[in-house]
$ cat data.tsv   # TSV, C-alpha atoms and all ligand atoms
chain	number	residue	atom	x	y	z
C	173	MET	CA	87.80	107.09	91.60
C	174	ASP	CA	84.16	106.86	90.52
C	175	ALA	CA	84.57	110.33	88.99
C	176	LYS	CA	86.68	108.71	86.30
C	177	ILE	CA	83.98	106.36	84.99
C	178	ILE	CA	82.12	108.61	82.59
C	179	SER	CA	79.29	106.15	81.89
C	180	SER	CA	78.09	106.66	85.47
C	181	ARG	CA	78.00	110.44	85.40
C	182	ILE	CA	75.13	112.30	83.84
C	183	GLY	CA	74.26	115.86	83.08
C	184	PHE	CA	77.51	117.28	81.74
C	185	SER	CA	76.87	120.63	80.13
C	186	ASN	CA	80.52	121.26	79.24
C	187	LEU	CA	83.37	118.98	78.47
C	188	PRO	CA	85.64	118.78	81.54
C	189	GLU	CA	88.99	120.52	80.93
C	190	SER	CA	91.06	117.33	81.09
C	191	TYR	CA	89.28	116.00	77.96
C	192	VAL	CA	89.77	119.06	75.78
C	193	ARG	CA	92.34	118.63	72.99
C	194	GLN	CA	94.42	121.53	71.89
C	195	GLU	CA	93.20	123.13	68.69
C	196	SER	CA	95.61	121.38	66.27
C	197	GLU	CA	94.67	117.93	67.62
C	198	ARG	CA	90.89	118.16	67.30
C	199	PRO	CA	88.91	115.86	65.00
C	200	ARG	CA	87.67	118.54	62.51
C	201	LEU	CA	84.47	116.63	61.91
C	202	SER	CA	83.34	118.77	58.98
C	203	GLU	CA	86.32	117.54	56.93
C	204	VAL	CA	85.57	113.82	57.34
C	205	SER	CA	84.62	112.05	54.11
C	206	THR	CA	81.28	110.28	54.35
C	207	CYS	CA	80.78	109.38	50.69
C	208	GLU	CA	83.45	106.73	50.43
C	209	ASN	CA	83.15	103.48	52.38
C	210	ILE	CA	85.43	100.57	53.08
C	211	PRO	CA	84.79	97.35	51.09
C	212	VAL	CA	82.05	94.94	52.17
C	213	ILE	CA	82.97	91.30	51.50
C	214	ASP	CA	80.43	88.48	51.42
C	215	LEU	CA	82.07	85.44	53.05
C	216	GLY	CA	79.09	83.26	52.19
C	217	GLY	CA	79.92	83.03	48.48
C	218	GLU	CA	80.90	79.80	46.72
C	219	ASP	CA	83.94	81.15	44.93
C	220	ARG	CA	86.80	80.97	47.42
C	221	SER	CA	89.40	82.37	45.05
C	222	GLN	CA	87.23	85.43	44.48
C	223	ILE	CA	86.89	85.98	48.24
C	224	ILE	CA	90.67	85.66	48.63
C	225	GLN	CA	91.14	88.25	45.91
C	226	GLN	CA	88.71	90.66	47.58
C	227	VAL	CA	90.35	90.19	50.98
C	228	GLY	CA	93.80	90.81	49.48
C	229	ASP	CA	92.65	93.98	47.68
C	230	ALA	CA	91.00	95.32	50.83
C	231	CYS	CA	94.07	94.58	52.97
C	232	LYS	CA	96.38	96.30	50.47
C	233	ASN	CA	94.25	99.34	49.74
C	234	TYR	CA	92.45	100.00	53.01
C	235	GLY	CA	93.71	97.76	55.81
C	236	PHE	CA	90.01	97.64	56.73
C	237	PHE	CA	86.93	95.87	55.40
C	238	GLN	CA	83.52	94.68	56.54
C	239	VAL	CA	82.32	91.08	56.28
C	240	ILE	CA	78.79	89.73	55.94
C	241	ASN	CA	77.55	86.12	56.02
C	242	HIS	CA	80.46	85.58	58.37
C	243	GLY	CA	79.10	82.57	60.24
C	244	VAL	CA	78.65	84.23	63.65
C	245	SER	CA	74.99	83.83	64.58
C	246	LEU	CA	72.83	86.93	64.80
C	247	GLU	CA	71.56	85.66	68.13
C	248	ALA	CA	75.07	85.48	69.62
C	249	VAL	CA	75.74	89.06	68.49
C	250	ALA	CA	72.41	90.44	69.71
C	251	LYS	CA	72.84	88.85	73.14
C	252	MET	CA	76.41	90.14	73.40
C	253	VAL	CA	75.29	93.68	72.60
C	254	ALA	CA	72.40	93.52	75.07
C	255	VAL	CA	74.54	92.23	77.92
C	256	GLY	CA	77.21	94.84	77.15
C	257	HIS	CA	74.67	97.65	77.47
C	258	GLU	CA	73.31	96.05	80.62
C	259	PHE	CA	76.80	95.99	82.13
C	260	PHE	CA	77.38	99.69	81.50
C	261	ARG	CA	74.00	100.53	83.01
C	262	LEU	CA	74.91	98.88	86.34
C	263	PRO	CA	75.17	101.15	89.40
C	264	VAL	CA	78.58	102.69	89.85
C	265	GLU	CA	79.31	100.66	93.03
C	266	GLU	CA	78.92	97.49	91.01
C	267	LYS	CA	81.23	98.74	88.26
C	268	LEU	CA	83.88	99.89	90.72
C	269	LYS	CA	84.33	96.30	91.85
C	270	VAL	CA	86.08	95.56	88.57
C	271	TYR	CA	87.72	98.96	87.94
C	272	SER	CA	91.48	99.23	87.41
C	273	ASP	CA	93.95	101.47	85.55
C	274	ASP	CA	96.58	98.72	85.46
C	275	PRO	CA	97.04	97.51	81.84
C	276	THR	CA	98.65	94.24	82.97
C	277	LYS	CA	95.36	93.02	84.49
C	278	THR	CA	93.61	90.33	82.45
C	279	MET	CA	90.14	91.60	83.40
C	280	ARG	CA	89.22	95.18	84.19
C	281	LEU	CA	86.85	98.02	83.62
C	282	SER	CA	88.74	101.17	82.83
C	283	THR	CA	88.35	104.52	81.15
C	284	SER	CA	89.99	106.57	78.41
C	285	PHE	CA	93.13	104.66	77.23
C	286	ASN	CA	96.00	104.76	79.71
C	287	PHE	CA	94.65	107.10	82.35
C	288	ASN	CA	97.79	107.52	84.43
C	289	LYS	CA	100.15	107.97	81.46
C	290	GLU	CA	98.18	110.38	79.28
C	291	LYS	CA	97.75	114.14	79.67
C	292	VAL	CA	94.40	114.48	77.92
C	293	HIS	CA	91.72	111.85	78.45
C	294	ASN	CA	89.32	110.22	76.01
C	295	TRP	CA	85.55	110.01	76.22
C	296	ARG	CA	85.37	106.24	76.60
C	297	ASP	CA	84.88	103.58	79.25
C	298	PHE	CA	85.91	100.05	78.39
C	299	LEU	CA	85.67	96.58	79.80
C	300	ARG	CA	88.68	94.52	78.83
C	301	LEU	CA	88.76	90.73	79.06
C	302	HIS	CA	91.15	87.98	78.14
C	303	CYS	CA	89.11	85.31	76.41
C	304	TYR	CA	91.33	82.35	75.49
C	305	PRO	CA	91.41	79.73	76.78
C	306	LEU	CA	87.96	80.38	78.19
C	307	HIS	CA	88.24	77.99	81.13
C	308	LYS	CA	91.24	79.96	82.39
C	309	TYR	CA	89.68	83.42	82.22
C	310	VAL	CA	85.89	83.11	82.55
C	311	PRO	CA	86.02	82.61	86.35
C	312	GLU	CA	87.45	86.14	86.80
C	313	TRP	CA	84.88	87.82	84.49
C	314	PRO	CA	82.08	89.95	86.00
C	315	SER	CA	79.29	87.90	87.53
C	316	ASN	CA	76.86	90.77	87.15
C	317	PRO	CA	74.80	90.77	84.92
C	318	PRO	CA	74.26	87.10	85.87
C	319	SER	CA	74.09	85.97	82.23
C	320	PHE	CA	77.34	87.78	81.31
C	321	LYS	CA	79.74	84.83	81.48
C	322	GLN	CA	77.60	82.47	79.48
C	323	ILE	CA	76.66	84.97	76.75
C	324	VAL	CA	80.15	86.40	76.32
C	325	SER	CA	81.81	82.94	76.28
C	326	ASN	CA	79.50	81.86	73.52
C	327	TYR	CA	80.20	85.02	71.51
C	328	CYS	CA	83.96	84.53	71.94
C	329	ARG	CA	83.80	80.96	70.69
C	330	GLU	CA	81.89	81.92	67.56
C	331	VAL	CA	84.09	84.92	66.81
C	332	ARG	CA	87.22	82.80	67.20
C	333	GLU	CA	86.08	80.58	64.36
C	334	LEU	CA	85.66	83.62	62.14
C	335	GLY	CA	89.13	84.83	63.16
C	336	CYS	CA	90.68	81.50	62.12
C	337	ARG	CA	88.89	81.61	58.79
C	338	LEU	CA	90.05	85.15	58.12
C	339	GLU	CA	93.63	84.23	58.95
C	340	GLU	CA	93.48	81.47	56.34
C	341	LEU	CA	92.04	83.77	53.71
C	342	ILE	CA	94.62	86.46	54.48
C	343	SER	CA	97.46	83.92	54.38
C	344	GLU	CA	96.37	82.70	50.96
C	345	SER	CA	95.85	86.25	49.71
C	346	LEU	CA	99.56	86.86	50.41
C	347	GLY	CA	100.44	83.81	48.31
C	348	LEU	CA	101.26	81.77	51.42
C	349	LYS	CA	99.95	78.38	52.48
C	350	LYS	CA	96.55	78.48	54.16
C	351	GLU	CA	97.98	77.59	57.58
C	352	GLU	CA	101.18	79.62	57.44
C	353	ILE	CA	100.07	82.69	59.38
C	354	LYS	CA	98.28	80.62	61.97
C	355	ASN	CA	101.30	78.38	62.42
C	356	ALA	CA	103.59	81.37	62.90
C	357	LEU	CA	101.62	82.62	65.90
C	358	GLY	CA	101.64	79.71	68.36
C	359	GLU	CA	98.60	79.28	70.58
C	360	GLN	CA	96.82	82.56	69.83
C	361	GLU	CA	95.42	84.76	72.55
C	362	GLN	CA	92.06	86.46	72.20
C	363	HIS	CA	91.19	89.66	74.05
C	364	MET	CA	88.00	91.67	74.05
C	365	ALA	CA	87.25	95.34	74.64
C	366	VAL	CA	83.65	96.36	75.13
C	367	ASN	CA	83.91	100.08	74.39
C	368	TYR	CA	81.25	102.43	75.69
C	369	TYR	CA	81.12	106.05	74.54
C	370	PRO	CA	78.48	108.05	76.43
C	371	PRO	CA	76.89	111.11	74.80
C	372	CYS	CA	79.46	113.90	74.89
C	373	PRO	CA	78.61	117.58	75.44
C	374	GLU	CA	81.29	118.88	73.04
C	375	PRO	CA	82.24	116.17	70.54
C	376	GLU	CA	84.30	118.55	68.39
C	377	LEU	CA	86.85	118.96	71.17
C	378	THR	CA	87.72	115.39	72.03
C	379	TYR	CA	87.85	111.73	70.97
C	380	GLY	CA	86.39	108.43	72.08
C	381	LEU	CA	89.69	106.96	70.93
C	382	PRO	CA	92.30	109.12	69.20
C	383	ALA	CA	94.13	107.90	66.09
C	384	HIS	CA	95.91	104.62	66.73
C	385	THR	CA	96.83	101.33	65.11
C	386	ASP	CA	95.97	98.06	66.81
C	387	PRO	CA	99.01	96.26	68.27
C	388	ASN	CA	97.61	92.76	67.68
C	389	LEU	CA	97.29	90.62	64.55
C	390	LEU	CA	93.68	91.13	63.53
C	391	THR	CA	90.65	92.88	65.02
C	392	ILE	CA	87.00	91.88	64.58
C	393	LEU	CA	84.79	94.79	65.61
C	394	PHE	CA	81.06	94.96	66.06
C	395	GLN	CA	79.65	98.49	66.06
C	396	ASP	CA	76.13	99.73	66.82
C	397	LEU	CA	74.12	99.93	63.64
C	398	GLY	CA	72.46	103.24	64.42
C	399	VAL	CA	75.40	105.24	65.78
C	400	GLU	CA	78.45	106.07	63.68
C	401	GLY	CA	81.82	106.78	65.21
C	402	LEU	CA	84.62	104.74	63.63
C	403	GLN	CA	86.84	106.51	61.10
C	404	VAL	CA	89.77	105.23	59.08
C	405	LEU	CA	92.68	107.16	57.55
C	406	LYS	CA	92.84	106.76	53.77
C	407	GLY	CA	95.66	108.79	52.27
C	408	ASP	CA	95.34	112.13	54.02
C	409	ASN	CA	91.61	111.88	54.67
C	410	TRP	CA	89.54	110.48	57.47
C	411	VAL	CA	86.78	108.25	56.11
C	412	ALA	CA	83.70	107.39	58.20
C	413	VAL	CA	82.95	103.66	58.39
C	414	HIS	CA	79.19	103.39	57.96
C	415	PRO	CA	77.89	100.45	60.00
C	416	HIS	CA	76.56	97.77	57.64
C	417	PRO	CA	73.67	95.58	58.87
C	418	ASN	CA	74.87	92.30	60.41
C	419	ALA	CA	78.48	92.99	59.48
C	420	PHE	CA	81.75	92.97	61.37
C	421	VAL	CA	84.51	95.46	60.68
C	422	ILE	CA	87.86	93.73	60.22
C	423	ASN	CA	91.21	95.45	60.45
C	424	ILE	CA	94.81	94.50	60.05
C	425	GLY	CA	96.93	94.98	63.19
C	426	ASP	CA	100.63	95.72	63.57
C	427	GLN	CA	101.63	92.03	63.70
C	428	LEU	CA	100.16	91.35	60.27
C	429	GLN	CA	102.03	94.34	58.89
C	430	ALA	CA	105.25	92.78	60.23
C	431	LEU	CA	104.41	89.23	59.07
C	432	SER	CA	103.50	90.48	55.59
C	433	ASN	CA	106.73	92.49	55.46
C	434	GLY	CA	104.76	95.70	55.09
C	435	LYS	CA	102.56	94.50	52.19
C	436	TYR	CA	99.50	94.91	54.35
C	437	LYS	CA	99.32	98.01	56.51
C	438	SER	CA	98.02	98.38	60.02
C	439	VAL	CA	96.00	101.52	59.34
C	440	TRP	CA	95.36	104.48	61.63
C	441	HIS	CA	91.81	104.68	62.91
C	442	ARG	CA	89.92	106.56	65.60
C	443	ALA	CA	86.52	106.71	67.29
C	444	ILE	CA	84.71	110.00	67.57
C	445	VAL	CA	81.81	110.74	69.89
C	446	ASN	CA	78.49	112.52	69.50
C	447	ALA	CA	76.21	114.66	71.61
C	448	ASN	CA	73.01	112.65	71.39
C	449	GLN	CA	73.48	108.93	71.73
C	450	ALA	CA	75.68	106.51	73.60
C	451	ARG	CA	77.64	104.24	71.28
C	452	MET	CA	78.95	100.78	72.02
C	453	SER	CA	81.44	98.66	70.11
C	454	VAL	CA	82.78	95.20	70.82
C	455	ALA	CA	86.33	94.60	69.65
C	456	SER	CA	87.83	91.10	69.55
C	457	PHE	CA	91.59	91.16	69.23
C	458	PHE	CA	93.52	88.13	67.95
C	459	CYS	CA	97.08	88.14	69.23
C	460	PRO	CA	100.11	85.90	68.75
C	461	SER	CA	101.11	83.86	71.78
C	462	TYR	CA	103.40	85.96	73.99
C	463	HIS	CA	106.43	83.89	73.13
C	464	ALA	CA	105.89	83.64	69.38
C	465	VAL	CA	108.74	85.23	67.45
C	466	ILE	CA	107.35	87.58	64.84
C	467	ARG	CA	109.23	87.70	61.57
C	468	ALA	CA	108.17	88.20	57.97
C	469	SER	CA	107.38	85.05	56.02
C	470	LYS	CA	110.42	83.84	54.07
C	471	THR	CA	108.33	83.70	50.91
C	472	LEU	CA	107.85	87.47	51.16
C	473	THR	CA	111.50	88.38	51.71
C	474	ASP	CA	113.04	85.91	49.24
C	475	ASP	CA	112.93	88.45	46.44
C	476	GLY	CA	115.98	90.05	48.01
C	477	SER	CA	114.11	92.91	49.65
C	478	GLY	CA	114.93	91.59	53.13
C	479	ALA	CA	112.84	91.91	56.27
C	480	ILE	CA	111.78	95.46	57.14
C	481	TYR	CA	111.44	94.69	60.85
C	482	ARG	CA	113.78	92.90	63.21
C	483	ASP	CA	112.61	89.72	64.96
C	484	PHE	CA	110.73	90.30	68.20
C	485	THR	CA	108.42	88.45	70.54
C	486	TYR	CA	104.84	89.60	70.94
C	487	GLU	CA	105.50	90.04	74.63
C	488	GLU	CA	108.21	92.59	73.87
C	489	TYR	CA	105.90	94.41	71.44
C	490	TYR	CA	102.92	94.49	73.75
C	491	ASN	CA	104.94	95.92	76.64
C	492	LYS	CA	106.26	98.64	74.36
C	493	PHE	CA	102.73	99.46	73.14
C	494	TRP	CA	101.30	99.92	76.61
C	495	SER	CA	104.27	102.00	77.78
C	496	ARG	CA	103.33	104.71	75.26
C	497	LYS	CA	100.56	107.19	74.72
C	498	LEU	CA	98.04	105.94	72.17
C	499	ASP	CA	98.43	108.59	69.47
C	500	GLN	CA	102.20	108.71	69.25
C	501	ASP	CA	104.12	107.43	66.24
C	502	HIS	CA	103.39	103.96	64.79
C	503	CYS	CA	104.69	101.50	67.40
C	504	LEU	CA	106.20	99.27	64.67
C	505	GLU	CA	108.64	102.06	63.80
C	506	HIS	CA	110.53	101.07	66.95
C	507	PHE	CA	111.07	97.57	65.54
C	508	LYS	CA	112.60	98.45	62.16
C	509	GLN	CA	115.90	96.84	61.18
C	510	GLN	CA	118.80	99.14	62.00
T	601	LIG	C1	89.66	99.67	69.31
T	601	LIG	C2	88.98	100.53	68.31
T	601	LIG	C3	86.95	101.54	67.48
T	601	LIG	C4	85.52	101.72	67.84
T	601	LIG	O1	88.99	99.25	70.30
T	601	LIG	O2	90.86	99.41	69.13
T	601	LIG	O3	89.62	100.97	67.40
T	601	LIG	O4	84.76	102.07	66.94
T	601	LIG	N1	87.66	100.77	68.44
T	601	LIG	O5	85.16	101.55	69.00
T	602	NI	NI	91.58	100.09	67.30
$ encode --input "data.tsv" --output "structure tokens"
Amino acid sequence: MDAKIISSRIGFSNLPESYVRQESERPRLSEVSTCENIPVIDLGGEDRSQIIQQVGDACKNYGFFQVINHGVSLEAVAKMVAVGHEFFRLPVEEKLKVYSDDPTKTMRLSTSFNFNKEKVHNWRDFLRLHCYPLHKYVPEWPSNPPSFKQIVSNYCREVRELGCRLEELISESLGLKKEEIKNALGEQEQHMAVNYYPPCPEPELTYGLPAHTDPNLLTILFQDLGVEGLQVLKGDNWVAVHPHPNAFVINIGDQLQALSNGKYKSVWHRAIVNANQARMSVASFFCPSYHAVIRASKTLTDDGSGAIYRDFTYEEYYNKFWSRKLDQDHCLEHFKQQ
């Protein structure tokens, strides 16, 4: 099994066969646009209505944006990043203690996306944790590095506050009451993926993560400042997201597309790898409670357009998502009204 964890293997000179994409599915890195960038929004400004406007424009036009002056302390982020790197540097025997390919586990180290379901693998290891409520999940988290639990709990708490704030801004940007989106979701879950992409011998032939949309409501992603990798689909073009100092990347997930009745899109994105440097990202996923029924806000369907998607619970959606390969069709397509 240790052969699967790519962060513990060194000295690849070729990409192993099971990671090589067929020609038509490769990332075509030379065609990626690097001159455009997604919007950067300053959350520290005084003018709330201006921030709401910027958030609404970004959600409509990109589905992605970056935020600065977001209230999460630089210290919490720096410690999270350091302990994440420390975790992936642990000896393989240590990492194997928490390894699993079972997506129903609430804490696991794994690799690629859905190792047993997919034909071609992805150049990524990831540590996945459930993070809310903390007292329920922290006991099962890794106890090595010894500071892991304390540092990651603190990071989760701070990021949750940002998530709540963003949900309010997004709700208002749709013309809804500040609390409406939050109230529609029940007691929200929070999951984390610490993604680790080791240097890859042939980055043109594979992905860290192939094109996908996020199944949750909202994602708050921290990416290494010095190592690019995240790309977003805009129209027909892939656009590189240049890491902005002290920023988080925010993206709309499938649940917000459903709640907004398609006004805001859960946009395709992917992570590519490179030959020289390992890259780490820390994704915090905000998810409706499992039993929350997801349906478009009445305010957004009252114009007679009707709801695009049928009602469903998040539990039903999440099970569907993990039963698929990552880069199939948009999972929400399966939930359209007949
Ligand atoms: C994800 C994701 C992108 C990245 O974890 O869902 O899209 O840059 N990550 O790691
Ligand atoms: Ni994603």
$ atom_distance --input "data.tsv" --atom1 "atom C1 of ligand LIG 601 (chain T)" --atom2 "CA of Leu215 (chain C)"
22.9 Å
$ closest_residue --input "data.tsv" --among "C:Lys492, C:His363, C:Lys435, C:Lys321" --to "Arg300 (chain C)" --atoms "only C-alpha atoms"
C:His363
$ residues_around --input "data.tsv" --residues "region 246-249 of chain C" --least-positions-apart "5" --cutoff "9 Å" --atoms "only C-alpha atoms" --output "JSON, numbers by chain"
{"C": [254, 323, 324, 326, 327, 330, 394, 418]}
$ closest_residue --input "data.tsv" --among "C:Leu431, C:Leu341, C:Met252, C:Leu357" --to "Ile224 (chain C)" --atoms "only C-alpha atoms"
C:Leu341
$ residues_around --input "data.tsv" --residues "His463 (chain C)" --least-positions-apart "5" --cutoff "9 Å" --atoms "all atoms listed in the file" --output "list in words"
Leu357, Gly358, Thr485, Tyr486, Glu487 and Glu488 of chain C
$ residues_near_ligand --input "data.tsv" --ligand "ligand NI 602 (chain T)" --cutoff "9 Å" --atoms "only C-alpha atoms and all ligand atoms" --output "short mmCIF file (atom, residue, chain, number, x, y, z; two decimals) with C-alpha atoms, keeping the file's coordinate frame"
data_model
loop_
_atom_site.label_atom_id
_atom_site.label_comp_id
_atom_site.auth_asym_id
_atom_site.auth_seq_id
_atom_site.Cartn_x
_atom_site.Cartn_y
_atom_site.Cartn_z
CA LEU C 381 89.69 106.96 70.93
CA ALA C 383 94.13 107.90 66.09
CA HIS C 384 95.91 104.62 66.73
CA THR C 385 96.83 101.33 65.11
CA ASP C 386 95.97 98.06 66.81
CA PRO C 387 99.01 96.26 68.27
CA THR C 391 90.65 92.88 65.02
CA LEU C 393 84.79 94.79 65.61
CA ASN C 423 91.21 95.45 60.45
CA GLY C 425 96.93 94.98 63.19
CA TRP C 440 95.36 104.48 61.63
CA HIS C 441 91.81 104.68 62.91
CA ARG C 442 89.92 106.56 65.60
CA ALA C 443 86.52 106.71 67.29
CA ALA C 455 86.33 94.60 69.65
#
$ atom_distance --input "data.tsv" --atom1 "CA of Gln238 (chain C)" --atom2 "CA of Ala419 (chain C)"
6.1 Å
$ axis_aligned_box --input "data.tsv" --around "ligand LIG 601 (chain T)" --padding-each-side "5 Å" --output "JSON"
{"center_x": 87.8, "center_y": 100.7, "center_z": 68.6, "size_x": 16.1, "size_y": 12.8, "size_z": 13.4}
$ residues_around --input "data.tsv" --residues "Asn209 (chain C)" --least-positions-apart "2" --cutoff "12 Å" --atoms "all atoms listed in the file" --output "PyMOL selection string"
chain C and resi 204-207+211-212+230+234+236-238+402-406+410-416+421
$ residues_around --input "data.tsv" --residues "Asp297 (chain C)" --least-positions-apart "3" --cutoff "8 Å" --atoms "all atoms listed in the file" --output "mmCIF file with C-alpha atoms, in the frame of the given file"
data_model
loop_
_atom_site.group_PDB
_atom_site.id
_atom_site.type_symbol
_atom_site.label_atom_id
_atom_site.label_comp_id
_atom_site.auth_asym_id
_atom_site.auth_seq_id
_atom_site.Cartn_x
_atom_site.Cartn_y
_atom_site.Cartn_z
ATOM 1 C CA ILE C 177 83.980 106.360 84.990
ATOM 2 C CA ILE C 178 82.120 108.610 82.590
ATOM 3 C CA SER C 179 79.290 106.150 81.890
ATOM 4 C CA LEU C 281 86.850 98.020 83.620
ATOM 5 C CA SER C 282 88.740 101.170 82.830
ATOM 6 C CA THR C 283 88.350 104.520 81.150
ATOM 7 C CA SER C 284 89.990 106.570 78.410
ATOM 8 C CA ASN C 367 83.910 100.080 74.390
ATOM 9 C CA TYR C 368 81.250 102.430 75.690
ATOM 10 C CA TYR C 369 81.120 106.050 74.540
#
$ atom_distance --input "data.tsv" --atom1 "CA of Tyr481 (chain C)" --atom2 "atom O4 of ligand LIG 601 (chain T)"
28.3 Å
$ residues_around --input "data.tsv" --residues "Phe259 (chain C)" --least-positions-apart "3" --cutoff "10 Å" --atoms "all atoms listed in the file" --output "JSON, numbers by chain"
{"C": [253, 254, 255, 256, 262, 263, 266, 267, 299, 314, 316, 317, 318, 320, 366]}
$ write_last_selection --input "data.tsv" --atoms "C-alpha atoms" --output "compact mmCIF listing (two decimals), in the coordinates of the input"
# COMPACT_ATOMS: atom_id res chain seq x y z
CA VAL C 253 75.29 93.68 72.60
CA ALA C 254 72.40 93.52 75.07
CA VAL C 255 74.54 92.23 77.92
CA GLY C 256 77.21 94.84 77.15
CA LEU C 262 74.91 98.88 86.34
CA PRO C 263 75.17 101.15 89.40
CA GLU C 266 78.92 97.49 91.01
CA LYS C 267 81.23 98.74 88.26
CA LEU C 299 85.67 96.58 79.80
CA PRO C 314 82.08 89.95 86.00
CA ASN C 316 76.86 90.77 87.15
CA PRO C 317 74.80 90.77 84.92
CA PRO C 318 74.26 87.10 85.87
CA PHE C 320 77.34 87.78 81.31
CA VAL C 366 83.65 96.36 75.13
$ closest_residue --input "data.tsv" --among "C:Asn388, C:Gln449, C:Thr278, C:Ser432" --to "Cys303 (chain C)" --atoms "only C-alpha atoms"
C:Thr278
$ closest_residue --input "data.tsv" --among "C:Lys291, C:Lys437, C:Asp396, C:Gln360" --to "Lys232 (chain C)" --atoms "all atoms listed in the file"
C:Lys437
